[in-house]
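Participant: To be precise about what I am sending: the file is called data09.cif and holds mmCIF, C-alpha atoms and all ligand atoms.
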data_target
#
loop_
_atom_site.group_PDB
_atom_site.id
_atom_site.type_symbol
_atom_site.label_atom_id
_atom_site.label_comp_id
_atom_site.auth_asym_id
_atom_site.auth_seq_id
_atom_site.Cartn_x
_atom_site.Cartn_y
_atom_site.Cartn_z
ATOM 1 C CA ASP A 132 17.795 10.891 4.916
ATOM 2 C CA ARG A 133 14.732 10.709 2.727
ATOM 3 C CA SER A 134 15.683 13.184 -0.014
ATOM 4 C CA ILE A 135 15.256 11.758 -3.519
ATOM 5 C CA LYS A 136 18.386 10.221 -5.039
ATOM 6 C CA ILE A 137 18.828 9.603 -8.775
ATOM 7 C CA ALA A 138 20.699 6.456 -9.760
ATOM 8 C CA PRO A 139 21.432 6.404 -13.499
ATOM 9 C CA SER A 140 21.619 2.883 -14.925
ATOM 10 C CA ILE A 141 24.699 2.320 -17.073
ATOM 11 C CA LEU A 142 22.629 -0.207 -19.033
ATOM 12 C CA SER A 143 21.822 2.822 -21.208
ATOM 13 C CA ALA A 144 25.440 4.052 -21.329
ATOM 14 C CA ASP A 145 28.078 3.406 -23.994
ATOM 15 C CA PHE A 146 29.370 -0.080 -23.101
ATOM 16 C CA ALA A 147 32.755 0.741 -24.686
ATOM 17 C CA ASN A 148 33.193 3.741 -22.356
ATOM 18 C CA PHE A 149 31.908 2.766 -18.909
ATOM 19 C CA GLY A 150 34.676 4.574 -17.028
ATOM 20 C CA ALA A 151 34.087 7.871 -18.801
ATOM 21 C CA GLU A 152 30.308 7.427 -18.600
ATOM 22 C CA CYS A 153 30.435 6.906 -14.814
ATOM 23 C CA ARG A 154 32.592 10.001 -14.355
ATOM 24 C CA ALA A 155 30.275 12.002 -16.637
ATOM 25 C CA ILE A 156 27.027 11.108 -14.849
ATOM 26 C CA GLU A 157 28.526 11.829 -11.427
ATOM 27 C CA ALA A 158 29.820 15.186 -12.674
ATOM 28 C CA GLN A 159 26.315 15.861 -13.989
ATOM 29 C CA GLY A 160 24.655 15.255 -10.623
ATOM 30 C CA ALA A 161 24.003 11.530 -10.301
ATOM 31 C CA ASP A 162 23.704 10.464 -6.657
ATOM 32 C CA TRP A 163 24.380 6.736 -7.138
ATOM 33 C CA VAL A 164 25.511 4.651 -10.128
ATOM 34 C CA HIS A 165 23.215 1.690 -10.848
ATOM 35 C CA VAL A 166 24.887 -1.334 -12.407
ATOM 36 C CA ASP A 167 22.644 -3.967 -14.039
ATOM 37 C CA VAL A 168 24.064 -7.491 -14.082
ATOM 38 C CA MET A 169 22.106 -9.945 -16.285
ATOM 39 C CA ASP A 170 22.796 -13.598 -16.922
ATOM 40 C CA GLY A 171 20.600 -14.654 -19.861
ATOM 41 C CA HIS A 172 18.883 -17.131 -17.526
ATOM 42 C CA PHE A 173 17.032 -15.238 -14.805
ATOM 43 C CA VAL A 174 16.333 -12.541 -17.406
ATOM 44 C CA PRO A 175 16.400 -12.796 -21.211
ATOM 45 C CA ASN A 176 19.461 -10.586 -21.689
ATOM 46 C CA ILE A 177 23.181 -10.700 -20.835
ATOM 47 C CA THR A 178 25.291 -7.753 -19.711
ATOM 48 C CA PHE A 179 28.490 -8.302 -17.713
ATOM 49 C CA GLY A 180 29.828 -9.675 -14.438
ATOM 50 C CA PRO A 181 32.097 -8.935 -11.485
ATOM 51 C CA ALA A 182 35.227 -8.237 -13.572
ATOM 52 C CA THR A 183 33.480 -5.341 -15.305
ATOM 53 C CA CYS A 184 32.183 -4.065 -11.958
ATOM 54 C CA ALA A 185 35.747 -4.100 -10.606
ATOM 55 C CA ALA A 186 36.974 -2.246 -13.696
ATOM 56 C CA ILE A 187 34.435 0.586 -13.341
ATOM 57 C CA ARG A 188 34.722 0.868 -9.545
ATOM 58 C CA PRO A 189 37.674 3.353 -9.631
ATOM 59 C CA HIS A 190 35.614 5.634 -11.897
ATOM 60 C CA ILE A 191 32.784 5.974 -9.340
ATOM 61 C CA LYS A 192 33.314 8.275 -6.343
ATOM 62 C CA GLY A 193 29.950 7.619 -4.743
ATOM 63 C CA VAL A 194 27.721 4.603 -4.284
ATOM 64 C CA MET A 195 28.033 1.669 -6.688
ATOM 65 C CA ASP A 196 24.599 0.044 -6.619
ATOM 66 C CA VAL A 197 24.780 -3.429 -8.153
ATOM 67 C CA HIS A 198 21.495 -5.020 -9.257
ATOM 68 C CA LEU A 199 21.902 -8.745 -9.778
ATOM 69 C CA MET A 200 19.427 -10.253 -12.235
ATOM 70 C CA ILE A 201 21.054 -13.651 -12.009
ATOM 71 C CA ALA A 202 20.210 -17.096 -10.666
ATOM 72 C CA PRO A 203 21.742 -18.609 -8.668
ATOM 73 C CA VAL A 204 23.029 -15.582 -6.737
ATOM 74 C CA ASP A 205 24.880 -16.957 -3.723
ATOM 75 C CA PRO A 206 27.962 -18.341 -5.524
ATOM 76 C CA TYR A 207 28.747 -14.848 -6.886
ATOM 77 C CA ILE A 208 28.150 -12.583 -3.872
ATOM 78 C CA GLU A 209 31.741 -12.630 -2.693
ATOM 79 C CA ALA A 210 32.974 -11.705 -6.186
ATOM 80 C CA PHE A 211 30.666 -8.683 -6.451
ATOM 81 C CA ALA A 212 31.580 -7.553 -2.936
ATOM 82 C CA LYS A 213 35.287 -7.841 -3.795
ATOM 83 C CA ALA A 214 34.600 -5.882 -6.990
ATOM 84 C CA GLY A 215 33.636 -2.973 -4.743
ATOM 85 C CA ALA A 216 29.842 -2.983 -4.773
ATOM 86 C CA ASP A 217 28.477 -0.809 -1.953
ATOM 87 C CA ILE A 218 24.988 -2.271 -2.327
ATOM 88 C CA ILE A 219 24.188 -5.690 -3.755
ATOM 89 C CA THR A 220 20.564 -6.326 -4.654
ATOM 90 C CA ALA A 221 19.208 -9.798 -5.379
ATOM 91 C CA HIS A 222 15.748 -10.844 -6.549
ATOM 92 C CA VAL A 223 13.314 -12.600 -4.255
ATOM 93 C CA GLU A 224 12.336 -14.721 -7.295
ATOM 94 C CA ALA A 225 15.905 -15.861 -7.987
ATOM 95 C CA GLY A 226 15.857 -18.808 -5.600
ATOM 96 C CA PRO A 227 14.277 -20.417 -2.535
ATOM 97 C CA HIS A 228 16.684 -18.939 0.012
ATOM 98 C CA ILE A 229 16.540 -15.169 -0.247
ATOM 99 C CA HIS A 230 16.933 -14.879 3.547
ATOM 100 C CA ARG A 231 20.276 -16.680 3.359
ATOM 101 C CA THR A 232 21.254 -14.519 0.391
ATOM 102 C CA MET A 233 20.652 -11.325 2.398
ATOM 103 C CA GLN A 234 22.761 -12.718 5.263
ATOM 104 C CA ALA A 235 25.531 -13.573 2.801
ATOM 105 C CA ILE A 236 25.538 -10.085 1.266
ATOM 106 C CA ARG A 237 25.898 -8.412 4.645
ATOM 107 C CA GLY A 238 28.415 -11.055 5.653
ATOM 108 C CA ALA A 239 30.496 -10.060 2.628
ATOM 109 C CA GLY A 240 30.526 -6.462 3.867
ATOM 110 C CA ALA A 241 28.041 -4.887 1.446
ATOM 111 C CA LYS A 242 24.620 -3.378 2.043
ATOM 112 C CA ALA A 243 21.811 -5.769 1.177
ATOM 113 C CA GLY A 244 18.997 -5.045 -1.251
ATOM 114 C CA VAL A 245 16.049 -7.192 -2.245
ATOM 115 C CA ALA A 246 14.215 -6.693 -5.550
ATOM 116 C CA LEU A 247 10.640 -7.596 -6.443
ATOM 117 C CA ASN A 248 9.407 -8.355 -9.956
ATOM 118 C CA PRO A 249 6.108 -6.701 -10.924
ATOM 119 C CA ALA A 250 3.995 -9.815 -10.166
ATOM 120 C CA THR A 251 5.521 -10.359 -6.706
ATOM 121 C CA PRO A 252 3.539 -8.888 -3.797
ATOM 122 C CA ALA A 253 5.020 -6.604 -1.144
ATOM 123 C CA ALA A 254 4.402 -9.306 1.475
ATOM 124 C CA ALA A 255 7.244 -11.379 -0.040
ATOM 125 C CA VAL A 256 9.759 -9.198 1.816
ATOM 126 C CA GLU A 257 7.897 -8.856 5.132
ATOM 127 C CA TYR A 258 10.236 -11.229 6.987
ATOM 128 C CA LEU A 259 13.358 -9.658 5.485
ATOM 129 C CA LEU A 260 12.841 -6.106 6.660
ATOM 130 C CA ASP A 261 15.095 -6.422 9.692
ATOM 131 C CA MET A 262 18.001 -7.544 7.518
ATOM 132 C CA VAL A 263 17.909 -5.356 4.398
ATOM 133 C CA ASP A 264 19.045 -1.830 3.559
ATOM 134 C CA LEU A 265 17.032 -1.428 0.364
ATOM 135 C CA VAL A 266 13.909 -2.769 -1.312
ATOM 136 C CA CYS A 267 13.840 -2.398 -5.098
ATOM 137 C CA VAL A 268 10.429 -2.294 -6.754
ATOM 138 C CA MET A 269 10.688 -3.253 -10.416
ATOM 139 C CA THR A 270 8.317 -1.080 -12.403
ATOM 140 C CA VAL A 271 9.102 -3.004 -15.600
ATOM 141 C CA ASN A 272 9.847 -6.676 -16.180
ATOM 142 C CA PRO A 273 13.619 -6.816 -15.769
ATOM 143 C CA GLY A 274 15.879 -7.450 -18.728
ATOM 144 C CA PHE A 275 15.877 -4.345 -20.873
ATOM 145 C CA GLY A 276 16.040 -0.577 -20.669
ATOM 146 C CA GLY A 277 13.496 1.696 -22.278
ATOM 147 C CA GLN A 278 10.319 -0.159 -21.291
ATOM 148 C CA LYS A 279 7.004 1.335 -20.218
ATOM 149 C CA PHE A 280 6.376 2.002 -16.511
ATOM 150 C CA ILE A 281 3.851 -0.416 -14.959
ATOM 151 C CA HIS A 282 1.471 1.781 -12.985
ATOM 152 C CA SER A 283 0.092 -0.978 -10.738
ATOM 153 C CA GLN A 284 3.406 -0.903 -8.859
ATOM 154 C CA VAL A 285 2.733 2.495 -7.269
ATOM 155 C CA GLU A 286 0.341 0.855 -4.803
ATOM 156 C CA LYS A 287 3.055 -1.695 -3.930
ATOM 157 C CA VAL A 288 5.412 1.168 -3.086
ATOM 158 C CA ARG A 289 2.774 2.623 -0.758
ATOM 159 C CA GLN A 290 2.350 -0.744 0.975
ATOM 160 C CA LEU A 291 6.097 -1.177 1.396
ATOM 161 C CA ARG A 292 6.515 2.306 2.846
ATOM 162 C CA ALA A 293 3.892 1.453 5.470
ATOM 163 C CA MET A 294 5.450 -1.967 6.199
ATOM 164 C CA ILE A 295 8.934 -0.461 6.563
ATOM 165 C CA GLY A 296 7.841 2.087 9.158
ATOM 166 C CA ASP A 297 10.808 3.676 10.943
ATOM 167 C CA ARG A 298 13.442 1.272 9.641
ATOM 168 C CA PRO A 299 16.291 2.932 7.703
ATOM 169 C CA ILE A 300 15.484 1.141 4.426
ATOM 170 C CA HIS A 301 15.612 2.743 0.995
ATOM 171 C CA ILE A 302 12.785 2.107 -1.464
ATOM 172 C CA GLU A 303 14.275 2.082 -4.941
ATOM 173 C CA ILE A 304 12.275 2.213 -8.171
ATOM 174 C CA ASP A 305 13.673 0.574 -11.282
ATOM 175 C CA GLY A 306 12.162 0.804 -14.749
ATOM 176 C CA GLY A 307 10.395 3.424 -16.814
ATOM 177 C CA VAL A 308 11.277 6.288 -14.474
ATOM 178 C CA ASP A 309 10.966 9.657 -16.242
ATOM 179 C CA PRO A 310 9.717 13.142 -15.359
ATOM 180 C CA LEU A 311 6.081 11.936 -15.553
ATOM 181 C CA THR A 312 6.392 8.770 -13.454
ATOM 182 C CA ALA A 313 8.996 9.925 -10.902
ATOM 183 C CA PRO A 314 6.560 12.139 -8.934
ATOM 184 C CA LEU A 315 4.092 9.236 -8.616
ATOM 185 C CA VAL A 316 6.586 6.915 -6.931
ATOM 186 C CA ALA A 317 8.168 9.694 -4.869
ATOM 187 C CA ALA A 318 4.721 10.563 -3.470
ATOM 188 C CA ALA A 319 4.143 6.871 -2.691
ATOM 189 C CA GLY A 320 7.329 6.750 -0.579
ATOM 190 C CA ALA A 321 10.245 5.894 -2.864
ATOM 191 C CA ASP A 322 13.559 7.670 -2.271
ATOM 192 C CA VAL A 323 15.951 6.193 -4.874
ATOM 193 C CA LEU A 324 14.996 6.442 -8.538
ATOM 194 C CA VAL A 325 16.900 4.379 -11.096
ATOM 195 C CA ALA A 326 16.721 5.783 -14.610
ATOM 196 C CA GLY A 327 18.490 4.555 -17.720
ATOM 197 C CA SER A 328 17.002 5.833 -20.952
ATOM 198 C CA ALA A 329 15.612 9.001 -19.332
ATOM 199 C CA VAL A 330 19.100 10.035 -18.138
ATOM 200 C CA PHE A 331 21.290 9.035 -21.090
ATOM 201 C CA ARG A 332 19.042 10.216 -23.921
ATOM 202 C CA GLY A 333 20.466 13.055 -25.995
ATOM 203 C CA GLY A 334 23.916 13.017 -24.369
ATOM 204 C CA SER A 335 27.279 11.282 -24.686
ATOM 205 C CA VAL A 336 30.677 11.352 -22.971
ATOM 206 C CA SER A 337 31.748 14.078 -25.373
ATOM 207 C CA ASP A 338 28.515 16.039 -24.800
ATOM 208 C CA PRO A 339 27.429 15.198 -21.235
ATOM 209 C CA ALA A 340 25.359 18.314 -20.463
ATOM 210 C CA PRO A 341 22.085 16.602 -21.489
ATOM 211 C CA TYR A 342 22.711 14.037 -18.714
ATOM 212 C CA GLY A 343 22.567 16.854 -16.163
ATOM 213 C CA ALA A 344 19.457 18.399 -17.662
ATOM 214 C CA ASN A 345 17.792 14.977 -17.755
ATOM 215 C CA ILE A 346 18.701 14.266 -14.107
ATOM 216 C CA ARG A 347 17.331 17.628 -12.975
ATOM 217 C CA ALA A 348 14.130 17.055 -14.979
ATOM 218 C CA ILE A 349 13.447 13.836 -13.057
HETATM 219 C C1 LIG A 401 15.871 -3.274 -16.158
HETATM 220 C C2 LIG A 401 17.026 -2.690 -15.391
HETATM 221 C C3 LIG A 401 16.885 -1.238 -15.215
HETATM 222 C C4 LIG A 401 16.890 -0.494 -16.524
HETATM 223 C C5 LIG A 401 16.072 0.742 -16.394
HETATM 224 O O1 LIG A 401 15.977 -4.638 -16.232
HETATM 225 O O2 LIG A 401 17.116 -3.281 -14.118
HETATM 226 O O3 LIG A 401 17.854 -0.711 -14.329
HETATM 227 O O4 LIG A 401 18.160 -0.162 -16.989
HETATM 228 O O5 LIG A 401 16.040 1.356 -17.647
HETATM 229 P P1 LIG A 401 14.941 2.452 -17.999
HETATM 230 O O6 LIG A 401 15.105 3.579 -17.047
HETATM 231 O O7 LIG A 401 15.291 2.806 -19.413
HETATM 232 O O8 LIG A 401 13.589 1.797 -17.877
HETATM 233 ZN ZN ZN A 402 18.336 -2.291 -12.472
#
What is this file in structure tokens?
Facilitator:
Amino acid sequence: DRSIKIAPSILSADFANFGAECRAIEAQGADWVHVDVMDGHFVPNITFGPATCAAIRPHIKGVMDVHLMIAPVDPYIEAFAKAGADIITAHVEAGPHIHRTMQAIRGAGAKAGVALNPATPAAAVEYLLDMVDLVCVMTVNPGFGGQKFIHSQVEKVRQLRAMIGDRPIHIEIDGGVDPLTAPLVAAAGADVLVAGSAVFRGGSVSDPAPYGANIRAI
């Protein structure tokens, strides 16, 4: 179904309270939970790995959407699948064998996503469309929350929507999504909107109502 789903990124959550944060955002209306894995090599920041994903899994009722900003990817796919990821997304820029990576993700029993950095054209995923469940368009340079939305990516979303045609593939937007930018990408054909700072601002596990208001505002 093509209704818009909001996937809060726990990159903007309290890292000492991931379990409670995941329960709070789902209670406040999150559709998916987006989990940003960074390695300090593919991107200039480090977050956490499969052990943390496994620890938060029991606190998520719905879809755990794991975004791998790591290189290499292939040696870790099995670990993230075992940790309970429903969707595992890898970057087309993370290595020379993204086709093999998509096969490996599905082979491990997860849904396969492919992410594109802002400078990477839509055509980079043309020969992957029959083997992926999600294409993630980065609308910031990956690595940090709270960055400014890169408007040139809206045209890429439009191109991908046309390329995808009837295939049951989600187009996910990641970076700088807020109430002003969300309508632009939704109109261009996106159906999953990741949002970190725009969801978590003003709230906390002890005062989660702002999360709900923020989600509804997007
Ligand atoms: C960026 C991450 C995003 C990030 C989005 O590298 O992949 O998921 O948390 O954060 P906001 O919504 O604050 O731009
Ligand atoms: Zn992400």
Participant: I need the residue set behind the PyMOL selection byres (((chain A and resi 198) around 7) and not hetatm) for this file; please write it as a list in words.
Facilitator: Val166, Asp167, Val168, Asp196, Val197, Leu199, Met200, Ile219, Thr220 and Ala221 of chain A
Participant: From the set A:Met233, A:Ile295, A:Val174, A:Ala212, which residue has the shortest atom-to-atom contact distance to ligand LIG 401 (chain A), counting all atoms listed in the file?
Facilitator: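 Of A:Met233, A:Ile295, A:Val174, A:Ala212, the one nearest ligand LIG 401 (chain A), counting all atoms listed in the file, is A:Val174.
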Participant: Could you please extract the residues within 10 Å of ligand ZN 402 (chain A), counting only C-alpha atoms and all ligand atoms, and hand them back as a PyMOL selection string?
Facilitator: chain A and resi 138-142+165-169+196-200+220+246+267-269+271+273-276+303-306+325-327
Participant: Once you have the residues from the selection above, write them out as a JSON list (two decimals), in the frame of the given file, restricted to C-alpha atoms.
Facilitator:
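And here's part.json as it stands now:
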[["chain", "number", "residue", "atom", "x", "y", "z"],
["A", 138, "ALA", "CA", 20.70, 6.46, -9.76],
["A", 139, "PRO", "CA", 21.43, 6.40, -13.50],
["A", 140, "SER", "CA", 21.62, 2.88, -14.92],
["A", 141, "ILE", "CA", 24.70, 2.32, -17.07],
["A", 142, "LEU", "CA", 22.63, -0.21, -19.03],
["A", 165, "HIS", "CA", 23.22, 1.69, -10.85],
["A", 166, "VAL", "CA", 24.89, -1.33, -12.41],
["A", 167, "ASP", "CA", 22.64, -3.97, -14.04],
["A", 168, "VAL", "CA", 24.06, -7.49, -14.08],
["A", 169, "MET", "CA", 22.11, -9.94, -16.28],
["A", 196, "ASP", "CA", 24.60, 0.04, -6.62],
["A", 197, "VAL", "CA", 24.78, -3.43, -8.15],
["A", 198, "HIS", "CA", 21.50, -5.02, -9.26],
["A", 199, "LEU", "CA", 21.90, -8.74, -9.78],
["A", 200, "MET", "CA", 19.43, -10.25, -12.24],
["A", 220, "THR", "CA", 20.56, -6.33, -4.65],
["A", 246, "ALA", "CA", 14.22, -6.69, -5.55],
["A", 267, "CYS", "CA", 13.84, -2.40, -5.10],
["A", 268, "VAL", "CA", 10.43, -2.29, -6.75],
["A", 269, "MET", "CA", 10.69, -3.25, -10.42],
["A", 271, "VAL", "CA", 9.10, -3.00, -15.60],
["A", 273, "PRO", "CA", 13.62, -6.82, -15.77],
["A", 274, "GLY", "CA", 15.88, -7.45, -18.73],
["A", 275, "PHE", "CA", 15.88, -4.34, -20.87],
["A", 276, "GLY", "CA", 16.04, -0.58, -20.67],
["A", 303, "GLU", "CA", 14.28, 2.08, -4.94],
["A", 304, "ILE", "CA", 12.28, 2.21, -8.17],
["A", 305, "ASP", "CA", 13.67, 0.57, -11.28],
["A", 306, "GLY", "CA", 12.16, 0.80, -14.75],
["A", 325, "VAL", "CA", 16.90, 4.38, -11.10],
["A", 326, "ALA", "CA", 16.72, 5.78, -14.61],
["A", 327, "GLY", "CA", 18.49, 4.56, -17.72]]
Participant: Between CA of Ala250 in chain A and CA of Asp162 in chain A, what is the distance in Å, rounded to a tenth?
Facilitator: 28.5 Å
Participant: Do you know which residues are at most 10 Å from Val256 in chain A counting only C-alpha atoms, after dropping those on the same chain fewer than 6 positions away, and could you put them as an MDAnalysis selection string?
Facilitator: chainID A and resid 223 229:230 245:247 263 266 291 294:295
Participant: Restricting it to C-alpha atoms, dump the selection as a PDB file, keeping the file's coordinate frame.
Facilitator:
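Generated file (again18.pdb):
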ATOM      1  CA  VAL A 223      13.314 -12.600  -4.255  1.00  0.00           C
ATOM      2  CA  ILE A 229      16.540 -15.169  -0.247  1.00  0.00           C
ATOM      3  CA  HIS A 230      16.933 -14.879   3.547  1.00  0.00           C
ATOM      4  CA  VAL A 245      16.049  -7.192  -2.245  1.00  0.00           C
ATOM      5  CA  ALA A 246      14.215  -6.693  -5.550  1.00  0.00           C
ATOM      6  CA  LEU A 247      10.640  -7.596  -6.443  1.00  0.00           C
ATOM      7  CA  VAL A 263      17.909  -5.356   4.398  1.00  0.00           C
ATOM      8  CA  VAL A 266      13.909  -2.769  -1.312  1.00  0.00           C
ATOM      9  CA  LEU A 291       6.097  -1.177   1.396  1.00  0.00           C
ATOM     10  CA  MET A 294       5.450  -1.967   6.199  1.00  0.00           C
ATOM     11  CA  ILE A 295       8.934  -0.461   6.563  1.00  0.00           C
TER      12      ILE A 295
END
Participant: Care to translate the PyMOL selection byres (((chain A and resi 148) around 12) and not hetatm) into actual residues of this file, as a PyMOL selection string?
Facilitator: chain A and resi 141-147+149-155+183+186-187+190+335-337
Participant: Generate the output file for the selected residues, C-alpha atoms, as a tab-separated table (two decimals), in the frame of the given file.
Facilitator:
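So the final result, stored in selection_15.tsv, reads:
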chain	number	residue	atom	x	y	z
A	141	ILE	CA	24.70	2.32	-17.07
A	142	LEU	CA	22.63	-0.21	-19.03
A	143	SER	CA	21.82	2.82	-21.21
A	144	ALA	CA	25.44	4.05	-21.33
A	145	ASP	CA	28.08	3.41	-23.99
A	146	PHE	CA	29.37	-0.08	-23.10
A	147	ALA	CA	32.76	0.74	-24.69
A	149	PHE	CA	31.91	2.77	-18.91
A	150	GLY	CA	34.68	4.57	-17.03
A	151	ALA	CA	34.09	7.87	-18.80
A	152	GLU	CA	30.31	7.43	-18.60
A	153	CYS	CA	30.44	6.91	-14.81
A	154	ARG	CA	32.59	10.00	-14.36
A	155	ALA	CA	30.28	12.00	-16.64
A	183	THR	CA	33.48	-5.34	-15.30
A	186	ALA	CA	36.97	-2.25	-13.70
A	187	ILE	CA	34.44	0.59	-13.34
A	190	HIS	CA	35.61	5.63	-11.90
A	335	SER	CA	27.28	11.28	-24.69
A	336	VAL	CA	30.68	11.35	-22.97
A	337	SER	CA	31.75	14.08	-25.37
Participant: Reconstruct N, CA and C atoms of range 296-320 of chain A from the incomplete input and present them as a CSV table (one decimal), in the coordinates of the input.
Facilitator:
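File part_25.csv, as written:
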chain,number,residue,atom,x,y,z
A,296,GLY,N,7.9,1.3,8.0
A,296,GLY,CA,7.8,2.1,9.2
A,296,GLY,C,9.1,2.9,9.4
A,297,ASP,N,9.7,2.8,10.6
A,297,ASP,CA,10.8,3.7,10.9
A,297,ASP,C,12.2,3.1,10.5
A,298,ARG,N,12.2,1.9,10.0
A,298,ARG,CA,13.4,1.3,9.6
A,298,ARG,C,14.2,2.1,8.6
A,299,PRO,N,15.5,2.1,8.7
A,299,PRO,CA,16.3,2.9,7.7
A,299,PRO,C,16.5,2.2,6.4
A,300,ILE,N,15.4,1.9,5.7
A,300,ILE,CA,15.5,1.1,4.4
A,300,ILE,C,15.1,2.0,3.2
A,301,HIS,N,15.9,2.0,2.2
A,301,HIS,CA,15.6,2.7,1.0
A,301,HIS,C,14.6,2.0,0.2
A,302,ILE,N,13.7,2.7,-0.4
A,302,ILE,CA,12.8,2.1,-1.5
A,302,ILE,C,13.3,2.7,-2.8
A,303,GLU,N,13.7,1.7,-3.6
A,303,GLU,CA,14.3,2.1,-4.9
A,303,GLU,C,13.3,1.7,-6.0
A,304,ILE,N,13.2,2.5,-7.0
A,304,ILE,CA,12.3,2.2,-8.2
A,304,ILE,C,13.1,2.0,-9.4
A,305,ASP,N,12.8,0.9,-10.1
A,305,ASP,CA,13.7,0.6,-11.3
A,305,ASP,C,12.8,0.2,-12.5
A,306,GLY,N,12.8,1.1,-13.5
A,306,GLY,CA,12.2,0.8,-14.7
A,306,GLY,C,11.1,1.9,-15.1
A,307,GLY,N,11.4,2.5,-16.3
A,307,GLY,CA,10.4,3.4,-16.8
A,307,GLY,C,10.3,4.7,-16.0
A,308,VAL,N,11.3,5.0,-15.2
A,308,VAL,CA,11.3,6.3,-14.5
A,308,VAL,C,11.6,7.4,-15.4
A,309,ASP,N,10.8,8.4,-15.4
A,309,ASP,CA,11.0,9.7,-16.2
A,309,ASP,C,10.3,10.8,-15.5
A,310,PRO,N,10.3,12.0,-16.1
A,310,PRO,CA,9.7,13.1,-15.4
A,310,PRO,C,8.2,13.0,-15.1
A,311,LEU,N,7.5,12.1,-15.8
A,311,LEU,CA,6.1,11.9,-15.6
A,311,LEU,C,5.8,10.9,-14.5
A,312,THR,N,6.6,9.8,-14.4
A,312,THR,CA,6.4,8.8,-13.5
A,312,THR,C,7.1,9.0,-12.1
A,313,ALA,N,8.2,9.7,-12.1
A,313,ALA,CA,9.0,9.9,-10.9
A,313,ALA,C,8.2,10.5,-9.8
A,314,PRO,N,7.3,11.6,-10.0
A,314,PRO,CA,6.6,12.1,-8.9
A,314,PRO,C,5.6,11.2,-8.3
A,315,LEU,N,5.1,10.2,-9.1
A,315,LEU,CA,4.1,9.2,-8.6
A,315,LEU,C,4.7,8.3,-7.6
A,316,VAL,N,5.9,7.8,-7.9
A,316,VAL,CA,6.6,6.9,-6.9
A,316,VAL,C,7.2,7.7,-5.8
A,317,ALA,N,7.6,8.9,-6.0
A,317,ALA,CA,8.2,9.7,-4.9
A,317,ALA,C,7.0,10.0,-3.9
A,318,ALA,N,5.9,10.3,-4.4
A,318,ALA,CA,4.7,10.6,-3.5
A,318,ALA,C,4.3,9.3,-2.7
A,319,ALA,N,4.5,8.1,-3.3
A,319,ALA,CA,4.1,6.9,-2.7
A,319,ALA,C,5.2,6.4,-1.7
A,320,GLY,N,6.4,7.1,-1.6
A,320,GLY,CA,7.3,6.8,-0.6
A,320,GLY,C,8.7,6.3,-1.1
